[in-house]
$ cat final.txt   # compact mmCIF, C-alpha atoms
# COMPACT_ATOMS: atom_id res chain seq x y z
CA MET A 5 6.18 -13.20 9.39
CA THR A 6 5.47 -10.61 12.10
CA LYS A 7 1.96 -10.61 13.60
CA GLN A 8 0.24 -7.71 15.33
CA ILE A 9 -2.79 -7.07 17.49
CA ALA A 10 -3.84 -3.58 16.56
CA ASP A 11 -6.71 -1.11 16.64
CA PHE A 12 -7.95 0.16 13.28
CA LYS A 13 -10.30 3.07 12.62
CA LEU A 14 -13.05 2.69 10.04
CA VAL A 15 -12.34 5.37 7.42
CA GLN A 16 -14.47 4.22 4.49
CA LYS A 17 -17.54 2.05 4.14
CA GLN A 18 -19.45 0.85 1.09
CA ASP A 19 -22.68 -1.11 1.41
CA PHE A 20 -23.44 -3.79 -1.18
CA GLY A 21 -26.54 -5.15 0.52
CA ARG A 22 -25.62 -8.55 1.88
CA SER A 23 -21.93 -7.59 1.87
CA VAL A 24 -20.07 -4.48 3.02
CA LEU A 25 -16.65 -3.05 2.22
CA LEU A 26 -14.73 -1.78 5.26
CA LYS A 27 -11.52 0.23 4.86
CA LEU A 28 -9.62 0.30 8.15
CA ARG A 29 -6.63 2.48 9.07
CA ALA A 30 -4.03 1.85 11.76
CA GLU A 31 -1.77 4.44 13.37
CA GLN A 32 1.30 2.22 13.14
CA ALA A 33 2.96 0.79 10.04
CA LEU A 34 1.57 -2.50 8.80
CA PRO A 35 3.66 -5.67 8.84
CA GLU A 36 4.37 -7.62 5.67
CA ILE A 37 1.12 -9.12 4.37
CA ALA A 38 0.93 -11.81 1.70
CA PRO A 39 -2.09 -12.22 -0.61
CA GLY A 40 -4.33 -14.97 0.74
CA GLN A 41 -3.65 -14.28 4.42
CA PHE A 42 -6.48 -13.31 6.77
CA VAL A 43 -7.26 -11.37 9.94
CA GLN A 44 -9.13 -12.27 13.13
CA VAL A 45 -11.54 -9.45 13.93
CA ARG A 46 -12.85 -8.74 17.42
CA VAL A 47 -16.59 -8.06 17.33
CA ASP A 48 -17.49 -5.46 19.96
CA GLY A 49 -21.07 -4.86 21.03
CA SER A 50 -22.33 -8.30 20.03
CA PRO A 51 -23.37 -10.10 23.25
CA ASN A 52 -23.45 -13.55 21.64
CA THR A 53 -20.19 -13.26 19.68
CA TYR A 54 -17.44 -14.52 21.96
CA LEU A 55 -14.73 -15.33 19.43
CA ARG A 56 -13.00 -13.22 16.81
CA ARG A 57 -14.18 -13.68 13.24
CA PRO A 58 -11.76 -14.71 10.46
CA ILE A 59 -11.98 -12.43 7.42
CA SER A 60 -9.84 -12.65 4.29
CA ILE A 61 -7.78 -9.58 3.39
CA HIS A 62 -9.36 -7.90 0.37
CA ASP A 63 -6.78 -5.14 -0.15
CA VAL A 64 -3.79 -3.47 1.52
CA ASP A 65 -2.47 0.08 1.26
CA PHE A 66 0.89 0.15 3.02
CA GLN A 67 1.40 3.87 2.35
CA HIS A 68 -1.66 4.77 4.42
CA ASN A 69 -1.56 1.77 6.83
CA GLU A 70 -4.93 0.57 5.56
CA ILE A 71 -6.48 -2.88 5.28
CA THR A 72 -9.73 -3.38 3.38
CA LEU A 73 -12.15 -6.19 4.22
CA LEU A 74 -15.08 -7.39 2.12
CA VAL A 75 -17.47 -8.82 4.72
CA GLN A 76 -20.47 -10.97 3.91
CA GLN A 77 -23.21 -10.97 6.53
CA VAL A 78 -23.75 -14.63 7.44
CA GLY A 79 -24.25 -14.53 11.22
CA GLU A 80 -24.55 -12.24 14.22
CA GLY A 81 -20.82 -11.46 14.31
CA THR A 82 -20.53 -10.39 10.68
CA ARG A 83 -23.85 -8.51 10.89
CA HIS A 84 -22.41 -6.45 13.76
CA LEU A 85 -19.28 -5.75 11.75
CA ALA A 86 -21.45 -4.57 8.87
CA MET A 87 -23.18 -2.10 11.21
CA ALA A 88 -19.89 -0.39 12.13
CA GLU A 89 -19.97 3.37 11.69
CA MET A 90 -17.32 5.73 10.40
CA GLY A 91 -14.69 6.39 13.06
CA ASN A 92 -15.44 3.20 15.00
CA VAL A 93 -12.39 1.32 16.26
CA ILE A 94 -12.04 -2.33 15.21
CA ASN A 95 -9.36 -4.54 16.75
CA MET A 96 -7.67 -7.18 14.60
CA VAL A 97 -4.98 -9.85 14.83
CA MET A 98 -3.04 -9.92 11.55
CA PRO A 99 -1.73 -11.26 9.31
CA LEU A 100 -2.57 -14.93 9.87
CA GLY A 101 -2.06 -18.10 7.85
CA ASN A 102 -0.10 -18.73 4.69
CA GLY A 103 -0.96 -17.05 1.41
CA PHE A 104 -0.74 -17.80 -2.29
CA SER A 105 2.50 -18.73 -4.02
CA LEU A 106 3.69 -16.18 -6.54
CA PRO A 107 3.92 -17.49 -10.11
CA GLU A 108 6.92 -16.94 -12.35
CA LYS A 109 6.99 -14.08 -14.83
CA GLY A 110 5.71 -15.19 -18.20
CA GLU A 111 3.36 -17.82 -16.79
CA ILE A 112 -0.31 -17.70 -17.81
CA VAL A 113 -2.26 -17.35 -14.58
CA LEU A 114 -5.99 -17.73 -13.90
CA LEU A 115 -7.66 -16.56 -10.68
CA VAL A 116 -11.06 -18.17 -10.09
CA GLY A 117 -13.49 -16.75 -7.53
CA GLY A 118 -17.03 -17.68 -6.60
CA GLY A 119 -19.37 -15.52 -4.49
CA ILE A 120 -17.59 -13.85 -1.57
CA GLY A 121 -14.58 -16.02 -2.50
CA ILE A 122 -13.60 -13.26 -4.90
CA ALA A 123 -12.51 -11.16 -1.88
CA PRO A 124 -8.85 -12.28 -1.44
CA LEU A 125 -8.27 -12.37 -5.19
CA PHE A 126 -8.33 -8.58 -5.51
CA TYR A 127 -5.20 -8.01 -3.42
CA PHE A 128 -3.56 -11.03 -5.05
CA ALA A 129 -4.26 -9.70 -8.54
CA LYS A 130 -2.90 -6.29 -7.54
CA VAL A 131 0.34 -7.82 -6.24
CA LEU A 132 0.70 -9.85 -9.43
CA VAL A 133 0.36 -6.72 -11.56
CA GLU A 134 2.96 -4.98 -9.38
CA ASN A 135 5.27 -7.93 -10.19
CA ASP A 136 4.68 -7.58 -13.97
CA ILE A 137 2.32 -10.55 -14.09
CA ARG A 138 -1.09 -9.72 -15.55
CA PRO A 139 -3.55 -12.41 -14.50
CA MET A 140 -6.77 -13.53 -16.08
CA LEU A 141 -9.78 -13.65 -13.75
CA LEU A 142 -12.88 -15.84 -13.84
CA LEU A 143 -15.57 -14.67 -11.41
CA GLY A 144 -18.89 -16.32 -10.74
CA GLY A 145 -22.06 -15.62 -8.79
CA LYS A 146 -25.69 -16.60 -8.61
CA THR A 147 -26.71 -13.29 -10.17
CA GLU A 148 -25.20 -10.01 -11.37
CA SER A 149 -25.48 -8.37 -7.94
CA ASP A 150 -23.11 -10.99 -6.48
CA LEU A 151 -20.21 -9.74 -8.62
CA LEU A 152 -18.95 -6.97 -6.36
CA ARG A 153 -16.43 -4.37 -7.58
CA LEU A 154 -16.35 -5.98 -11.02
CA ALA A 155 -15.00 -2.85 -12.73
CA ASP A 156 -12.07 -2.75 -10.28
CA TYR A 157 -11.17 -6.38 -11.01
CA GLN A 158 -11.35 -5.68 -14.73
CA GLN A 159 -8.64 -3.05 -14.36
CA LEU A 160 -6.25 -5.70 -13.02
CA GLY A 161 -6.61 -8.27 -15.78
CA GLU A 162 -8.83 -9.76 -18.47
CA THR A 163 -11.97 -10.76 -16.58
CA PHE A 164 -14.53 -13.42 -17.45
CA VAL A 165 -17.89 -13.75 -15.73
CA THR A 166 -20.53 -16.40 -15.13
CA THR A 167 -23.88 -16.10 -13.38
CA GLU A 168 -26.20 -18.97 -12.61
CA ASP A 169 -29.23 -17.01 -13.84
CA GLY A 170 -27.49 -15.61 -16.92
CA SER A 171 -27.94 -11.99 -15.82
CA LEU A 172 -24.29 -11.20 -16.63
CA GLY A 173 -21.62 -13.00 -18.60
CA GLU A 174 -22.06 -16.65 -19.55
CA LYS A 175 -24.87 -18.58 -17.89
CA GLY A 176 -23.82 -21.38 -15.54
CA PHE A 177 -20.98 -22.16 -13.15
CA VAL A 178 -17.35 -21.03 -13.47
CA THR A 179 -16.41 -24.56 -14.55
CA MET A 180 -18.70 -24.17 -17.58
CA HIS A 181 -17.15 -20.97 -18.98
CA SER A 182 -15.79 -21.15 -22.52
CA VAL A 183 -12.39 -19.80 -21.40
CA TRP A 184 -11.49 -23.35 -20.36
CA GLN A 185 -11.76 -24.46 -24.00
CA ASN A 186 -10.10 -21.38 -25.46
CA GLN A 187 -7.06 -20.94 -23.20
CA ASP A 188 -4.43 -23.07 -21.45
CA PHE A 189 -3.04 -22.02 -18.08
CA ASP A 190 0.22 -22.61 -16.25
CA LYS A 191 -1.23 -21.98 -12.78
CA ILE A 192 -4.73 -21.70 -11.35
CA TYR A 193 -5.70 -20.10 -8.03
CA VAL A 194 -9.19 -20.59 -6.57
CA CYS A 195 -11.34 -19.31 -3.73
CA GLY A 196 -15.05 -19.86 -3.18
CA PRO A 197 -17.56 -22.50 -2.12
CA LYS A 198 -15.92 -25.88 -1.51
CA PRO A 199 -17.87 -27.75 -4.24
CA MET A 200 -16.73 -25.13 -6.75
CA MET A 201 -13.10 -25.38 -5.62
CA LYS A 202 -13.23 -29.19 -5.82
CA ALA A 203 -14.65 -28.99 -9.35
CA VAL A 204 -11.95 -26.59 -10.53
CA ALA A 205 -9.26 -28.67 -8.80
CA LYS A 206 -10.51 -31.76 -10.65
CA MET A 207 -10.34 -29.93 -13.97
CA ALA A 208 -6.81 -28.73 -13.17
CA ALA A 209 -5.73 -32.27 -12.25
CA GLU A 210 -7.14 -33.66 -15.50
CA LYS A 211 -5.09 -31.09 -17.41
CA ASP A 212 -2.07 -31.62 -15.12
CA VAL A 213 -2.12 -27.91 -14.21
CA TRP A 214 -0.68 -26.61 -10.94
CA CYS A 215 -3.50 -25.36 -8.69
CA GLU A 216 -3.88 -23.66 -5.31
CA VAL A 217 -7.11 -23.19 -3.37
CA SER A 218 -7.95 -21.01 -0.37
CA LEU A 219 -10.06 -23.02 2.07
CA GLU A 220 -12.79 -21.45 4.16
CA ASN A 221 -13.15 -24.06 6.93
CA LEU A 222 -14.88 -22.91 10.12
CA MET A 223 -12.23 -21.24 12.30
CA ALA A 224 -12.22 -20.13 15.93
CA CYS A 225 -8.76 -19.26 17.26
CA GLY A 226 -6.95 -18.63 13.97
CA LEU A 227 -3.70 -19.93 15.51
CA GLY A 228 -3.98 -23.72 15.24
CA ALA A 229 -4.88 -24.34 18.89
CA CYS A 230 -8.59 -25.17 18.88
CA LEU A 231 -8.49 -27.80 16.07
CA CYS A 232 -11.90 -26.85 14.67
CA CYS A 233 -10.66 -26.12 11.12
CA VAL A 234 -8.87 -29.43 10.49
CA GLU A 235 -8.51 -30.65 6.89
CA ASP A 236 -7.35 -34.09 5.75
CA THR A 237 -4.21 -33.95 3.60
CA VAL A 238 -1.58 -36.35 2.29
CA ASP A 239 0.50 -35.22 5.29
CA GLY A 240 -2.28 -36.06 7.76
CA HIS A 241 -4.83 -33.80 9.43
CA VAL A 242 -3.71 -30.17 9.58
CA CYS A 243 -5.23 -26.91 10.81
CA VAL A 244 -6.33 -24.74 7.90
CA CYS A 245 -5.75 -21.51 9.85
CA LYS A 246 -2.10 -22.37 10.48
CA GLU A 247 -1.02 -24.56 7.54
CA GLY A 248 -3.31 -22.74 5.10
CA PRO A 249 -5.71 -21.31 4.29
CA VAL A 250 -4.01 -21.74 0.90
CA PHE A 251 -3.10 -25.28 -0.16
CA ASN A 252 -1.79 -26.86 -3.33
CA THR A 253 -4.59 -29.20 -4.40
CA ARG A 254 -2.14 -32.09 -4.64
CA ARG A 255 -1.88 -31.98 -0.84
CA LEU A 256 -5.62 -32.32 -0.29
CA LYS A 257 -7.46 -35.64 -0.11
CA TRP A 258 -10.21 -34.53 -2.44
$ encode --input "final.txt" --output "structure tokens"
Amino acid sequence: MTKQIADFKLVQKQDFGRSVLLKLRAEQALPEIAPGQFVQVRVDGSPNTYLRRPISIHDVDFQHNEITLLVQQVGEGTRHLAMAEMGNVINMVMPLGNGFSLPEKGEIVLLVGGGIGIAPLFYFAKVLVENDIRPMLLLGGKTESDLLRLADYQQLGETFVTTEDGSLGEKGFVTMHSVWQNQDFDKIYVCGPKPMMKAVAKMAAEKDVWCEVSLENLMACGLGACLCCVEDTVDGHVCVCKEGPVFNTRRLKW
């Protein structure tokens, strides 16, 4: 898959408090981008941010050469990205890694996202709908304010919600939602905190259901050279940025 290093102009910004939505437009046509892939973003103006920051791809508009990122502010680099102003130029390497596998038509598909892990599931759900596959979505957060763009996700498929404080949807974790008792699934796709992904993967294994997860290991180069994002698999230690970030859970030594 072709990779590019390109300048993008910030054309739309939406502030969600701790997170920010950045819509970025390039002058040239975008390469093929698979759901689940990510970009490495150069952070300009941050004196202590030496490396690019890996950000999952939230949405793609090929007609307008636009990539949308949903960025959570967790450190100096992402805080600087969140302070970008309209018209600012942001340089990115993209697309990187390997994305989700597409299910077959007719399969019952569940996308499970926790916290900022919901970000790559939006583009994935949109691609599924474009391929005549309407997914079900299960989204979780600590509180209602963590469930960003909920109405937009609901347009893409039947959406279930959990919050730890019970402020929206069913109270508890995504693994506790009643949908697990009321519906069987052919394939499950997960992104979020690692304990959550492990818990869902265990449930899938007990039901003998095919499952993919998108790992969020700490990354530096994004190309498999620095070895800081290594994950132990049945095939040995592999770099998440190059072999993943999406893995079938049967490959992982969880």
$ residues_near_point --input "final.txt" --point "(-10.6, -12.1, 4.2)" --cutoff "7 Å" --atoms "only C-alpha atoms" --output "ChimeraX atom specification"
/A:42-43,58-62,73-74,123-124
$ residues_around --input "final.txt" --residues "stretch 221-237 of chain A" --least-positions-apart "4" --cutoff "8 Å" --atoms "only C-alpha atoms" --output "number ranges by chain"
A: 44, 55-58, 100-101, 241-246, 255-257
$ closest_residue --input "final.txt" --among "A:Ala88, A:Leu34, A:Val47, A:Ile192" --to "A:Gln8" --atoms "all atoms listed in the file"
A:Leu34
$ residues_around --input "final.txt" --residues "stretch 198-208 of chain A" --least-positions-apart "4" --cutoff "8 Å" --atoms "all atoms listed in the file" --output "list in words"
Gly118, Val178, Thr179, Ile192, Val194, Asp212, Val213, Trp214, Cys215, Val217, Leu219, Glu220, Thr253 and Trp258 of chain A
$ atom_distance --input "final.txt" --atom1 "atom CA of A:Lys191" --atom2 "atom CA of A:Pro139"
10.0 Å
$ atom_distance --input "final.txt" --atom1 "atom CA of A:Gly173" --atom2 "atom CA of A:Leu143"
9.5 Å
$ closest_residue --input "final.txt" --among "A:Lys27, A:Leu141, A:Glu168, A:Asp48" --to "A:Trp184" --atoms "all atoms listed in the file"
A:Leu141
$ atom_distance --input "final.txt" --atom1 "atom CA of A:Ala30" --atom2 "atom CA of A:Val93"
9.5 Å
$ closest_residue --input "final.txt" --among "A:Gln67, A:Gln76, A:Thr82, A:Gln18" --to "A:Thr53" --atoms "all atoms listed in the file"
A:Thr82
$ closest_residue --input "final.txt" --among "A:Asn252, A:Ser182, A:Ser50, A:Asn69" --to "A:Glu31" --atoms "only C-alpha atoms"
A:Asn69
$ closest_residue --input "final.txt" --among "A:Phe164, A:Phe189, A:Phe128, A:Phe12" --to "A:Leu26" --atoms "all atoms listed in the file"
A:Phe12
